[in-house]
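First the structure, in the form of structure tokens, and then the observations on it.
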Amino acid sequence: MIQSNLAHEYVGDIPWDENPAFAFSDDAEQYLRAFKSVVDVIPVGGGKISFADEIWDFNPYFDGINDDSLKVQFIGLPQPLADYCKFFILYCIMGKKKISTANVRLSSFRSIYCNIAKTTSHDSIWLITTEDIMNEVKRRNISAGGQHDIFESVYQVYVFLKGNYHFELPVDLERLKKAAIEAKTTAKKDDSKLPNIPEEYFIAIVSAAVRVMRDIAQDYNVRTTACMLVMLSQLGLRLGDLLALRTNQLHSKKLAKSGVEAHYIHYKSRKPSKPHDKMLEFDVFSTPLCTEAFKILKELRNKCPLSMGNDYLFILEKRRNSKDDLPIPNHRFNHEYKKFLLAFLPEMSQRQWDGIPQSQYYVARNKYIRVSVPDTRQYRVHLCTALYEKGIPLAYIQRYMGHLSEYMLGYYVRPKDTFQENVKYTEEIVREIAGDGLTPLGGSFGEEIKVNIQKFIEDNNFNVLTDVSAIVKAMGERVIIRGKTGGVCIKTSLMPCPKETRTNEMFCAYNLCPNLFTFFYMADVTYMDFQMLQHTYEAMQSTGKTKAAQKELNKLKELCRRRLLPELKELRKELEKQGKDTICIKYPTLSEIVANQDKIEKEISTWMRKS
DNA sequence: TCCAAAGGAACAAGGGAAAG
DNA sequence: CTTTCCCTTGTTCCTTTGGA
């Protein structure tokens with residue numbers, strides 16, 4: 001049995017002796033480690049959770065988050081079921097599930113349970129049958145995706161009850177699982193992706209936001225909300241990440257050639273991060289408009305008393321009903337956002353727009369009006385689509401949006417057709433390799449791949465200039481080309497693969513895959529990576545983290561050796577062959593690099609000598 | 001062996017009761 | 001009389017698996 005004094009660190013007074021502990025190991029250390037991996041901090045002073053509490057609020061255990069999903073509610077569950085459910089939450093945490101996930105599972109189960117108990121004669125866990133659950137879900141008339149969530153949740157709680165307590169309950173676990181899978185399948189077929197925001201509405205919203213942002217006569221809450229909307233439209237961040245921004249996250253950099261000061265925002269994101277890993281960090285380019293909004297917010301917040309003692313960028317005024325927790329919860333922002341649309345775009349916001357959901361807004365007793373409010377994620381869609389239409393390659397967009405997987409490549413771009421995208425991308429790369437004679441750099445056998453592809457084309461009597469799509473078709477499975485973060489993945493049976501699949505995946509994740517290639521025109525992105533590693537190294541060095549700094553330095557050297565140096569060398573060759581002007585017109589993003597190549601090369605050799 | 005589909009986890013919004 | 005908050009529903013995105 002787990003020692004209760006150890007348990008007190010995170011949740012106090014756990015009556016371990018009331019739990020048969022079939023689901024828990026005897027290892028108190030493991031319990032602590034598990035907790036440490038799913039929360040950021042132990043709250044100082046009061047606010048620690050006691051096992052007996054009806055609500056377990058984990059928000060104080062986290063930094064930069066304030067969300068209902070971290071509040072686990074046990075209200076409505078009878079004893080001893082409530083206690084069983086509390087152990088279910090502990091069990092999930094031991095399994096290193098995020099608390100928000102455990103909460104979704106429990107709250108779905110709870111709502112199903114409570115409704116059945118209220119509406120039927122089966123008013124206890126001992127009486128509720130599979131049939132009751134099925135009927136309750138059917139009665140709710142919800143989407144397939146929602147059904148999946150409920151079935152899955154109920155299934156998981158029941159598995160815990162049966163496994164941990166060895167209860168005999170009249171439910172068929174297999175049937176529940178099956179129903180969950182079925183619902184998932186239909187949900188997949190439905191394919192209801194978020195549409196883009198109509199251009200007319202988008203422009204109206206952004207220009208209204210900019211106007212209000214600059215208007216010093218406007219109220220504090222209205223102006224700060226306008227600033228946030230401007231940033232949302234420019235950055236396309238998730239709402240949670242946007243609300244968690246701090247005043248020190250805007251950075252700037254002088255562009256070497258033009259002397260222009262460019263800004264970027266460095267932020268952390270919870271969403272793509274696993275519970276036992278560090279939060280992933282990203283840099284996004286901050287447009288002048290966004291930078292302006294950031295600076296205005298930073299200045300405005302000084303007027304607000306709630307800004308004392310914290311550095312959150314977005315703070316709303318004190319409210320009568322509010323606990324005034326920080327960061328500002330999503331629903332408070334959403335309310336201000338809705339109000340903003342109605343106040344500054346009274347006609348447009350009440351019009352019906354394609355793909356924009358409408359929601360209620362209270363005006364008077366029993367009187368609501370419908371407002372067209374774009375989902376905050378639709379700004380993400382808009383940004384991606386806009387970038388795409390400007391001709392930005394998908395691989396760059398993926399990187400920019402902080403997407404980790406190839407799955408998301410093109411996900412946000414509407415209309416979306418991943419297969420077509422891949423074909424188009426493949427054709428482009430083939431044209432470059434075979435037609436322009438570019439050599440894939442950084443991986444193994446880049447030169448050989450070029451020669452083999454060119455030979456394949458020659459053998460089959462294709463003309464690279466005119467037959468690219470025919471070539472791609474003919475190559476079929478023999479050459480697979482995909483855009484990846486930071487490069488191009490080329491897998492080909494025309495060359496032997498030196499590594500087996502498992503290691504490949506590992507290498508792939510660290511951008512070291514032997515199949516990952518870059519081309520000289522990606523040198524600008526590589527150079528940015530190079531500079532980012534420099535900053536990380538220096539930051540770690542100056543805080544005395546020598547070991548971690550050394551790791552960064554090794555990464556940096558590897559980056560130079562495998563990618564940056566070969567790319568620059570190739571760039572020189574191409575410059576000689578095609579001339580500076582041609583290159584700069586063809587690859588405008590390279591002009592900075594071209595202008596400063598000598599300086600950059602010197603910079604590299606300085607870093608390579610470091611130890 | 002390979003990758004599309006299944007699975008799983010997290011983020012976000014809507015609606016209405018509750019709070020002052 | 002408004003705004004907040006609780007509960008429920010809906011969407012997005014990352015990882016693993018199963019079957020061709």
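Scheme for the structure tokens: letters A, B, ... for chains in order shown; per-chain residue numbers from 1; ligand numbers from 1 in order shown.
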
Strand (DSSP E) call set, DSSP backbone run, region 190-334 of chain A, as a PDB file with all heavy atoms, in the first residue's frame:
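Listed below is the output, states-v2.pdb:
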```pdb
ATOM      1  N   LEU A 250       8.023  38.991 -27.024  1.00  0.00           N
ATOM      2  CA  LEU A 250       8.269  39.613 -28.335  1.00  0.00           C
ATOM      3  C   LEU A 250       9.755  39.899 -28.461  1.00  0.00           C
ATOM      4  O   LEU A 250      10.346  40.546 -27.599  1.00  0.00           O
ATOM      5  CB  LEU A 250       7.473  40.915 -28.457  1.00  0.00           C
ATOM      6  CG  LEU A 250       7.652  41.677 -29.768  1.00  0.00           C
ATOM      7  CD1 LEU A 250       6.966  40.958 -30.917  1.00  0.00           C
ATOM      8  CD2 LEU A 250       7.099  43.089 -29.649  1.00  0.00           C
ATOM      9  N   HIS A 251      10.355  39.391 -29.533  1.00  0.00           N
ATOM     10  CA  HIS A 251      11.788  39.622 -29.737  1.00  0.00           C
ATOM     11  C   HIS A 251      11.986  40.286 -31.079  1.00  0.00           C
ATOM     12  O   HIS A 251      11.114  40.238 -31.937  1.00  0.00           O
ATOM     13  CB  HIS A 251      12.544  38.293 -29.717  1.00  0.00           C
ATOM     14  CG  HIS A 251      12.324  37.516 -28.458  1.00  0.00           C
ATOM     15  ND1 HIS A 251      13.068  37.711 -27.334  1.00  0.00           N
ATOM     16  CD2 HIS A 251      11.404  36.556 -28.161  1.00  0.00           C
ATOM     17  CE1 HIS A 251      12.638  36.893 -26.385  1.00  0.00           C
ATOM     18  NE2 HIS A 251      11.622  36.183 -26.860  1.00  0.00           N
ATOM     19  N   SER A 252      13.156  40.890 -31.239  1.00  0.00           N
ATOM     20  CA  SER A 252      13.397  41.499 -32.544  1.00  0.00           C
ATOM     21  C   SER A 252      14.795  41.189 -33.018  1.00  0.00           C
ATOM     22  O   SER A 252      15.664  40.798 -32.250  1.00  0.00           O
ATOM     23  CB  SER A 252      13.180  43.008 -32.474  1.00  0.00           C
ATOM     24  OG  SER A 252      14.234  43.581 -31.747  1.00  0.00           O
ATOM     25  N   LYS A 253      14.960  41.377 -34.298  1.00  0.00           N
ATOM     26  CA  LYS A 253      16.227  41.036 -34.921  1.00  0.00           C
ATOM     27  C   LYS A 253      16.426  42.006 -36.079  1.00  0.00           C
ATOM     28  O   LYS A 253      15.489  42.298 -36.803  1.00  0.00           O
ATOM     29  CB  LYS A 253      16.136  39.607 -35.435  1.00  0.00           C
ATOM     30  CG  LYS A 253      17.456  39.090 -35.864  1.00  0.00           C
ATOM     31  CD  LYS A 253      17.622  37.598 -35.859  1.00  0.00           C
ATOM     32  CE  LYS A 253      16.653  36.667 -36.408  1.00  0.00           C
ATOM     33  NZ  LYS A 253      17.003  35.319 -36.543  1.00  0.00           N
ATOM     34  N   LYS A 254      17.649  42.505 -36.222  1.00  0.00           N
ATOM     35  CA  LYS A 254      17.911  43.423 -37.321  1.00  0.00           C
ATOM     36  C   LYS A 254      18.296  42.619 -38.551  1.00  0.00           C
ATOM     37  O   LYS A 254      19.193  41.792 -38.485  1.00  0.00           O
ATOM     38  CB  LYS A 254      19.049  44.373 -36.943  1.00  0.00           C
ATOM     39  CG  LYS A 254      18.753  45.776 -37.371  1.00  0.00           C
ATOM     40  CD  LYS A 254      19.895  46.723 -37.126  1.00  0.00           C
ATOM     41  CE  LYS A 254      19.418  48.143 -37.315  1.00  0.00           C
ATOM     42  NZ  LYS A 254      19.559  48.980 -36.161  1.00  0.00           N
ATOM     43  N   GLU A 261      14.154  46.287 -38.832  1.00  0.00           N
ATOM     44  CA  GLU A 261      14.006  45.492 -37.628  1.00  0.00           C
ATOM     45  C   GLU A 261      12.801  44.571 -37.783  1.00  0.00           C
ATOM     46  O   GLU A 261      11.686  45.028 -37.989  1.00  0.00           O
ATOM     47  CB  GLU A 261      13.835  46.408 -36.423  1.00  0.00           C
ATOM     48  CG  GLU A 261      14.101  45.663 -35.148  1.00  0.00           C
ATOM     49  CD  GLU A 261      14.313  46.585 -33.973  1.00  0.00           C
ATOM     50  OE1 GLU A 261      14.080  47.799 -34.141  1.00  0.00           O
ATOM     51  OE2 GLU A 261      14.678  46.083 -32.912  1.00  0.00           O
ATOM     52  N   ALA A 262      13.047  43.284 -37.722  1.00  0.00           N
ATOM     53  CA  ALA A 262      11.967  42.306 -37.841  1.00  0.00           C
ATOM     54  C   ALA A 262      11.647  41.740 -36.468  1.00  0.00           C
ATOM     55  O   ALA A 262      12.531  41.587 -35.641  1.00  0.00           O
ATOM     56  CB  ALA A 262      12.372  41.187 -38.789  1.00  0.00           C
ATOM     57  N   HIS A 263      10.372  41.455 -36.241  1.00  0.00           N
ATOM     58  CA  HIS A 263       9.963  40.947 -34.928  1.00  0.00           C
ATOM     59  C   HIS A 263       9.459  39.521 -35.022  1.00  0.00           C
ATOM     60  O   HIS A 263       8.920  39.106 -36.048  1.00  0.00           O
ATOM     61  CB  HIS A 263       8.873  41.842 -34.342  1.00  0.00           C
ATOM     62  CG  HIS A 263       9.366  43.189 -33.968  1.00  0.00           C
ATOM     63  ND1 HIS A 263       9.500  44.203 -34.893  1.00  0.00           N
ATOM     64  CD2 HIS A 263       9.793  43.685 -32.782  1.00  0.00           C
ATOM     65  CE1 HIS A 263       9.968  45.278 -34.286  1.00  0.00           C
ATOM     66  NE2 HIS A 263      10.158  44.989 -32.995  1.00  0.00           N
ATOM     67  N   TYR A 264       9.636  38.796 -33.932  1.00  0.00           N
ATOM     68  CA  TYR A 264       9.034  37.472 -33.854  1.00  0.00           C
ATOM     69  C   TYR A 264       8.598  37.205 -32.432  1.00  0.00           C
ATOM     70  O   TYR A 264       9.086  37.823 -31.487  1.00  0.00           O
ATOM     71  CB  TYR A 264       9.986  36.383 -34.352  1.00  0.00           C
ATOM     72  CG  TYR A 264      11.246  36.226 -33.538  1.00  0.00           C
ATOM     73  CD1 TYR A 264      11.345  35.254 -32.549  1.00  0.00           C
ATOM     74  CD2 TYR A 264      12.341  37.040 -33.775  1.00  0.00           C
ATOM     75  CE1 TYR A 264      12.513  35.102 -31.809  1.00  0.00           C
ATOM     76  CE2 TYR A 264      13.511  36.898 -33.032  1.00  0.00           C
ATOM     77  CZ  TYR A 264      13.591  35.926 -32.055  1.00  0.00           C
ATOM     78  OH  TYR A 264      14.736  35.786 -31.317  1.00  0.00           O
ATOM     79  N   ILE A 265       7.641  36.291 -32.310  1.00  0.00           N
ATOM     80  CA  ILE A 265       7.119  35.948 -30.991  1.00  0.00           C
ATOM     81  C   ILE A 265       7.510  34.517 -30.679  1.00  0.00           C
ATOM     82  O   ILE A 265       7.316  33.611 -31.492  1.00  0.00           O
ATOM     83  CB  ILE A 265       5.593  36.141 -30.936  1.00  0.00           C
ATOM     84  CG1 ILE A 265       5.300  37.637 -30.886  1.00  0.00           C
ATOM     85  CG2 ILE A 265       4.991  35.438 -29.722  1.00  0.00           C
ATOM     86  CD1 ILE A 265       3.856  37.990 -30.973  1.00  0.00           C
ATOM     87  N   HIS A 266       8.102  34.371 -29.519  1.00  0.00           N
ATOM     88  CA  HIS A 266       8.520  33.045 -29.078  1.00  0.00           C
ATOM     89  C   HIS A 266       7.491  32.538 -28.080  1.00  0.00           C
ATOM     90  O   HIS A 266       7.213  33.200 -27.102  1.00  0.00           O
ATOM     91  CB  HIS A 266       9.894  33.145 -28.425  1.00  0.00           C
ATOM     92  CG  HIS A 266      10.455  31.814 -28.034  1.00  0.00           C
ATOM     93  ND1 HIS A 266      11.177  31.049 -28.905  1.00  0.00           N
ATOM     94  CD2 HIS A 266      10.373  31.116 -26.882  1.00  0.00           C
ATOM     95  CE1 HIS A 266      11.523  29.922 -28.299  1.00  0.00           C
ATOM     96  NE2 HIS A 266      11.043  29.941 -27.071  1.00  0.00           N
ATOM     97  N   TYR A 267       6.892  31.399 -28.348  1.00  0.00           N
ATOM     98  CA  TYR A 267       5.870  30.920 -27.425  1.00  0.00           C
ATOM     99  C   TYR A 267       5.943  29.419 -27.232  1.00  0.00           C
ATOM    100  O   TYR A 267       6.528  28.698 -28.029  1.00  0.00           O
ATOM    101  CB  TYR A 267       4.479  31.323 -27.918  1.00  0.00           C
ATOM    102  CG  TYR A 267       3.959  30.501 -29.069  1.00  0.00           C
ATOM    103  CD1 TYR A 267       3.024  29.496 -28.856  1.00  0.00           C
ATOM    104  CD2 TYR A 267       4.410  30.717 -30.361  1.00  0.00           C
ATOM    105  CE1 TYR A 267       2.541  28.735 -29.901  1.00  0.00           C
ATOM    106  CE2 TYR A 267       3.943  29.958 -31.406  1.00  0.00           C
ATOM    107  CZ  TYR A 267       3.008  28.984 -31.174  1.00  0.00           C
ATOM    108  OH  TYR A 267       2.546  28.214 -32.212  1.00  0.00           O
ATOM    109  N   LYS A 268       5.340  28.994 -26.127  1.00  0.00           N
ATOM    110  CA  LYS A 268       5.264  27.570 -25.830  1.00  0.00           C
ATOM    111  C   LYS A 268       3.847  27.106 -26.117  1.00  0.00           C
ATOM    112  O   LYS A 268       2.903  27.853 -25.929  1.00  0.00           O
ATOM    113  CB  LYS A 268       5.544  27.320 -24.357  1.00  0.00           C
ATOM    114  CG  LYS A 268       6.946  27.642 -23.938  1.00  0.00           C
ATOM    115  CD  LYS A 268       7.072  27.373 -22.456  1.00  0.00           C
ATOM    116  CE  LYS A 268       8.479  27.703 -21.994  1.00  0.00           C
ATOM    117  NZ  LYS A 268       8.656  27.432 -20.567  1.00  0.00           N
ATOM    118  N   SER A 269       3.701  25.873 -26.531  1.00  0.00           N
ATOM    119  CA  SER A 269       2.363  25.365 -26.768  1.00  0.00           C
ATOM    120  C   SER A 269       2.148  24.044 -26.062  1.00  0.00           C
ATOM    121  O   SER A 269       2.979  23.159 -26.146  1.00  0.00           O
ATOM    122  CB  SER A 269       2.122  25.202 -28.258  1.00  0.00           C
ATOM    123  OG  SER A 269       0.814  24.728 -28.449  1.00  0.00           O
ATOM    124  N   LEU A 280       6.643  22.089 -26.130  1.00  0.00           N
ATOM    125  CA  LEU A 280       7.368  22.476 -27.330  1.00  0.00           C
ATOM    126  C   LEU A 280       7.334  23.989 -27.488  1.00  0.00           C
ATOM    127  O   LEU A 280       6.375  24.641 -27.110  1.00  0.00           O
ATOM    128  CB  LEU A 280       6.748  21.794 -28.548  1.00  0.00           C
ATOM    129  CG  LEU A 280       6.860  20.281 -28.530  1.00  0.00           C
ATOM    130  CD1 LEU A 280       6.102  19.677 -29.694  1.00  0.00           C
ATOM    131  CD2 LEU A 280       8.315  19.866 -28.584  1.00  0.00           C
ATOM    132  N   GLU A 281       8.397  24.521 -28.054  1.00  0.00           N
ATOM    133  CA  GLU A 281       8.480  25.974 -28.216  1.00  0.00           C
ATOM    134  C   GLU A 281       8.605  26.330 -29.689  1.00  0.00           C
ATOM    135  O   GLU A 281       9.215  25.599 -30.452  1.00  0.00           O
ATOM    136  CB  GLU A 281       9.687  26.506 -27.443  1.00  0.00           C
ATOM    137  CG  GLU A 281       9.599  26.154 -25.977  1.00  0.00           C
ATOM    138  CD  GLU A 281      10.719  26.773 -25.162  1.00  0.00           C
ATOM    139  OE1 GLU A 281      11.341  27.732 -25.641  1.00  0.00           O
ATOM    140  OE2 GLU A 281      10.944  26.279 -24.050  1.00  0.00           O
ATOM    141  N   PHE A 282       7.980  27.435 -30.040  1.00  0.00           N
ATOM    142  CA  PHE A 282       7.977  27.849 -31.432  1.00  0.00           C
ATOM    143  C   PHE A 282       8.273  29.338 -31.564  1.00  0.00           C
ATOM    144  O   PHE A 282       8.060  30.106 -30.635  1.00  0.00           O
ATOM    145  CB  PHE A 282       6.608  27.579 -32.069  1.00  0.00           C
ATOM    146  CG  PHE A 282       6.191  26.139 -32.009  1.00  0.00           C
ATOM    147  CD1 PHE A 282       5.374  25.680 -30.990  1.00  0.00           C
ATOM    148  CD2 PHE A 282       6.630  25.241 -32.971  1.00  0.00           C
ATOM    149  CE1 PHE A 282       5.003  24.339 -30.928  1.00  0.00           C
ATOM    150  CE2 PHE A 282       6.256  23.911 -32.912  1.00  0.00           C
ATOM    151  CZ  PHE A 282       5.446  23.467 -31.893  1.00  0.00           C
ATOM    152  N   ASP A 283       8.752  29.720 -32.735  1.00  0.00           N
ATOM    153  CA  ASP A 283       8.873  31.141 -33.073  1.00  0.00           C
ATOM    154  C   ASP A 283       7.912  31.433 -34.202  1.00  0.00           C
ATOM    155  O   ASP A 283       7.859  30.675 -35.169  1.00  0.00           O
ATOM    156  CB  ASP A 283      10.288  31.454 -33.577  1.00  0.00           C
ATOM    157  CG  ASP A 283      11.299  31.389 -32.455  1.00  0.00           C
ATOM    158  OD1 ASP A 283      10.968  31.841 -31.358  1.00  0.00           O
ATOM    159  OD2 ASP A 283      12.409  30.893 -32.681  1.00  0.00           O
ATOM    160  N   VAL A 284       7.146  32.511 -34.080  1.00  0.00           N
ATOM    161  CA  VAL A 284       6.334  32.925 -35.231  1.00  0.00           C
ATOM    162  C   VAL A 284       6.681  34.354 -35.592  1.00  0.00           C
ATOM    163  O   VAL A 284       6.951  35.184 -34.714  1.00  0.00           O
ATOM    164  CB  VAL A 284       4.812  32.857 -34.982  1.00  0.00           C
ATOM    165  CG1 VAL A 284       4.308  31.466 -35.179  1.00  0.00           C
ATOM    166  CG2 VAL A 284       4.456  33.386 -33.623  1.00  0.00           C
ATOM    167  N   PHE A 285       6.662  34.611 -36.876  1.00  0.00           N
ATOM    168  CA  PHE A 285       6.962  35.949 -37.375  1.00  0.00           C
ATOM    169  C   PHE A 285       5.848  36.896 -36.949  1.00  0.00           C
ATOM    170  O   PHE A 285       4.673  36.594 -37.075  1.00  0.00           O
ATOM    171  CB  PHE A 285       7.076  35.909 -38.894  1.00  0.00           C
ATOM    172  CG  PHE A 285       7.238  37.261 -39.506  1.00  0.00           C
ATOM    173  CD1 PHE A 285       8.347  38.038 -39.220  1.00  0.00           C
ATOM    174  CD2 PHE A 285       6.285  37.767 -40.377  1.00  0.00           C
ATOM    175  CE1 PHE A 285       8.515  39.288 -39.780  1.00  0.00           C
ATOM    176  CE2 PHE A 285       6.432  39.024 -40.946  1.00  0.00           C
ATOM    177  CZ  PHE A 285       7.554  39.781 -40.646  1.00  0.00           C
ATOM    178  N   SER A 286       6.229  38.037 -36.426  1.00  0.00           N
ATOM    179  CA  SER A 286       5.241  39.024 -36.014  1.00  0.00           C
ATOM    180  C   SER A 286       5.213  40.157 -37.043  1.00  0.00           C
ATOM    181  O   SER A 286       6.193  40.861 -37.198  1.00  0.00           O
ATOM    182  CB  SER A 286       5.616  39.554 -34.637  1.00  0.00           C
ATOM    183  OG  SER A 286       4.788  40.624 -34.288  1.00  0.00           O
TER     184      SER A 286
END
```

Considering only C-alpha atoms (C1' of nucleotides), extract the chain C residues located within 10 Å of chain A and return them as a list in words. DC1, DT2, DT3, DT4, DC5, DC6, DC7, DT8, DT9, DG10, DT11, DT12, DC13 and DC14 of chain C

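Within 12 Å of DA20 (chain C), once only C-alpha atoms (C1' of nucleotides) are used and residues closer than 2 positions along the same chain are dropped, the contacting residues are DT1, DC2, DC3 and DA4 of chain B; DG18 of chain C.
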
I need the residues of region 309-371 of chain A that end up classed as helix (DSSP H, G or I) by DSSP on the backbone, written out as a ChimeraX atom specification. /A:330-344,348-350

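The list of chain B residues within 8 Å of chain A is DA9, DA10, DC11, DA13, DG14, DA19 and DG20 of chain B; this uses only C-alpha atoms (C1' of nucleotides).
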
Restricted to N, CA and C atoms (P, O5', C5', C4', C3', O3' and C1' of nucleotides), what would the selected residues look like written as a PDB file, in the first residue's frame?
```pdb
ATOM      1  P    DA B   9      -5.169   8.307 -24.186  1.00  0.00           P
ATOM      2  O5'  DA B   9      -4.998   9.840 -24.550  1.00  0.00           O
ATOM      3  C5'  DA B   9      -3.755  10.266 -25.083  1.00  0.00           C
ATOM      4  C4'  DA B   9      -3.865  11.728 -25.387  1.00  0.00           C
ATOM      5  C3'  DA B   9      -4.446  12.550 -24.237  1.00  0.00           C
ATOM      6  O3'  DA B   9      -3.622  13.686 -24.106  1.00  0.00           O
ATOM      7  C1'  DA B   9      -5.620  12.986 -26.211  1.00  0.00           C
ATOM      8  P    DA B  10      -3.665  14.564 -22.811  1.00  0.00           P
ATOM      9  O5'  DA B  10      -4.024  15.964 -23.447  1.00  0.00           O
ATOM     10  C5'  DA B  10      -3.234  16.416 -24.541  1.00  0.00           C
ATOM     11  C4'  DA B  10      -4.016  17.437 -25.318  1.00  0.00           C
ATOM     12  C3'  DA B  10      -4.647  18.523 -24.442  1.00  0.00           C
ATOM     13  O3'  DA B  10      -4.098  19.770 -24.836  1.00  0.00           O
ATOM     14  C1'  DA B  10      -6.170  17.727 -26.088  1.00  0.00           C
ATOM     15  P    DC B  11      -4.492  21.128 -24.134  1.00  0.00           P
ATOM     16  O5'  DC B  11      -5.420  21.798 -25.241  1.00  0.00           O
ATOM     17  C5'  DC B  11      -4.868  22.024 -26.527  1.00  0.00           C
ATOM     18  C4'  DC B  11      -5.956  22.573 -27.417  1.00  0.00           C
ATOM     19  C3'  DC B  11      -6.622  23.841 -26.875  1.00  0.00           C
ATOM     20  O3'  DC B  11      -6.683  24.775 -27.934  1.00  0.00           O
ATOM     21  C1'  DC B  11      -8.247  22.197 -27.367  1.00  0.00           C
ATOM     22  P    DA B  13     -12.813  29.203 -29.001  1.00  0.00           P
ATOM     23  O5'  DA B  13     -14.298  28.634 -29.092  1.00  0.00           O
ATOM     24  C5'  DA B  13     -14.698  27.967 -30.287  1.00  0.00           C
ATOM     25  C4'  DA B  13     -16.110  27.468 -30.119  1.00  0.00           C
ATOM     26  C3'  DA B  13     -17.092  28.531 -29.618  1.00  0.00           C
ATOM     27  O3'  DA B  13     -18.292  28.360 -30.348  1.00  0.00           O
ATOM     28  C1'  DA B  13     -17.108  26.664 -28.160  1.00  0.00           C
ATOM     29  P    DG B  14     -19.491  29.397 -30.196  1.00  0.00           P
ATOM     30  O5'  DG B  14     -20.590  28.495 -29.493  1.00  0.00           O
ATOM     31  C5'  DG B  14     -20.979  27.281 -30.120  1.00  0.00           C
ATOM     32  C4'  DG B  14     -22.163  26.706 -29.375  1.00  0.00           C
ATOM     33  C3'  DG B  14     -23.227  27.735 -28.987  1.00  0.00           C
ATOM     34  O3'  DG B  14     -24.489  27.095 -29.104  1.00  0.00           O
ATOM     35  C1'  DG B  14     -22.293  26.773 -27.024  1.00  0.00           C
ATOM     36  P    DA B  19     -25.354  30.649  -7.236  1.00  0.00           P
ATOM     37  O5'  DA B  19     -24.484  31.970  -7.404  1.00  0.00           O
ATOM     38  C5'  DA B  19     -23.324  31.962  -8.227  1.00  0.00           C
ATOM     39  C4'  DA B  19     -22.878  33.386  -8.470  1.00  0.00           C
ATOM     40  C3'  DA B  19     -23.143  34.329  -7.302  1.00  0.00           C
ATOM     41  O3'  DA B  19     -22.043  35.203  -7.192  1.00  0.00           O
ATOM     42  C1'  DA B  19     -24.200  35.174  -9.212  1.00  0.00           C
ATOM     43  P    DG B  20     -21.185  35.281  -5.893  1.00  0.00           P
ATOM     44  O5'  DG B  20     -21.002  36.829  -5.678  1.00  0.00           O
ATOM     45  C5'  DG B  20     -22.074  37.591  -5.228  1.00  0.00           C
ATOM     46  C4'  DG B  20     -22.256  38.750  -6.163  1.00  0.00           C
ATOM     47  C3'  DG B  20     -22.928  39.900  -5.447  1.00  0.00           C
ATOM     48  O3'  DG B  20     -21.982  40.995  -5.393  1.00  0.00           O
ATOM     49  C1'  DG B  20     -23.932  39.459  -7.580  1.00  0.00           C
TER      50       DG B  20
END
```

Could you state the separation of CA of Glu458 (chain A) and CA of Glu432 (chain A) in Å, given to one decimal place?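 Taking CA of Glu458 (chain A) as the start and CA of Glu432 (chain A) as the end point, the length is 15.4 Å.
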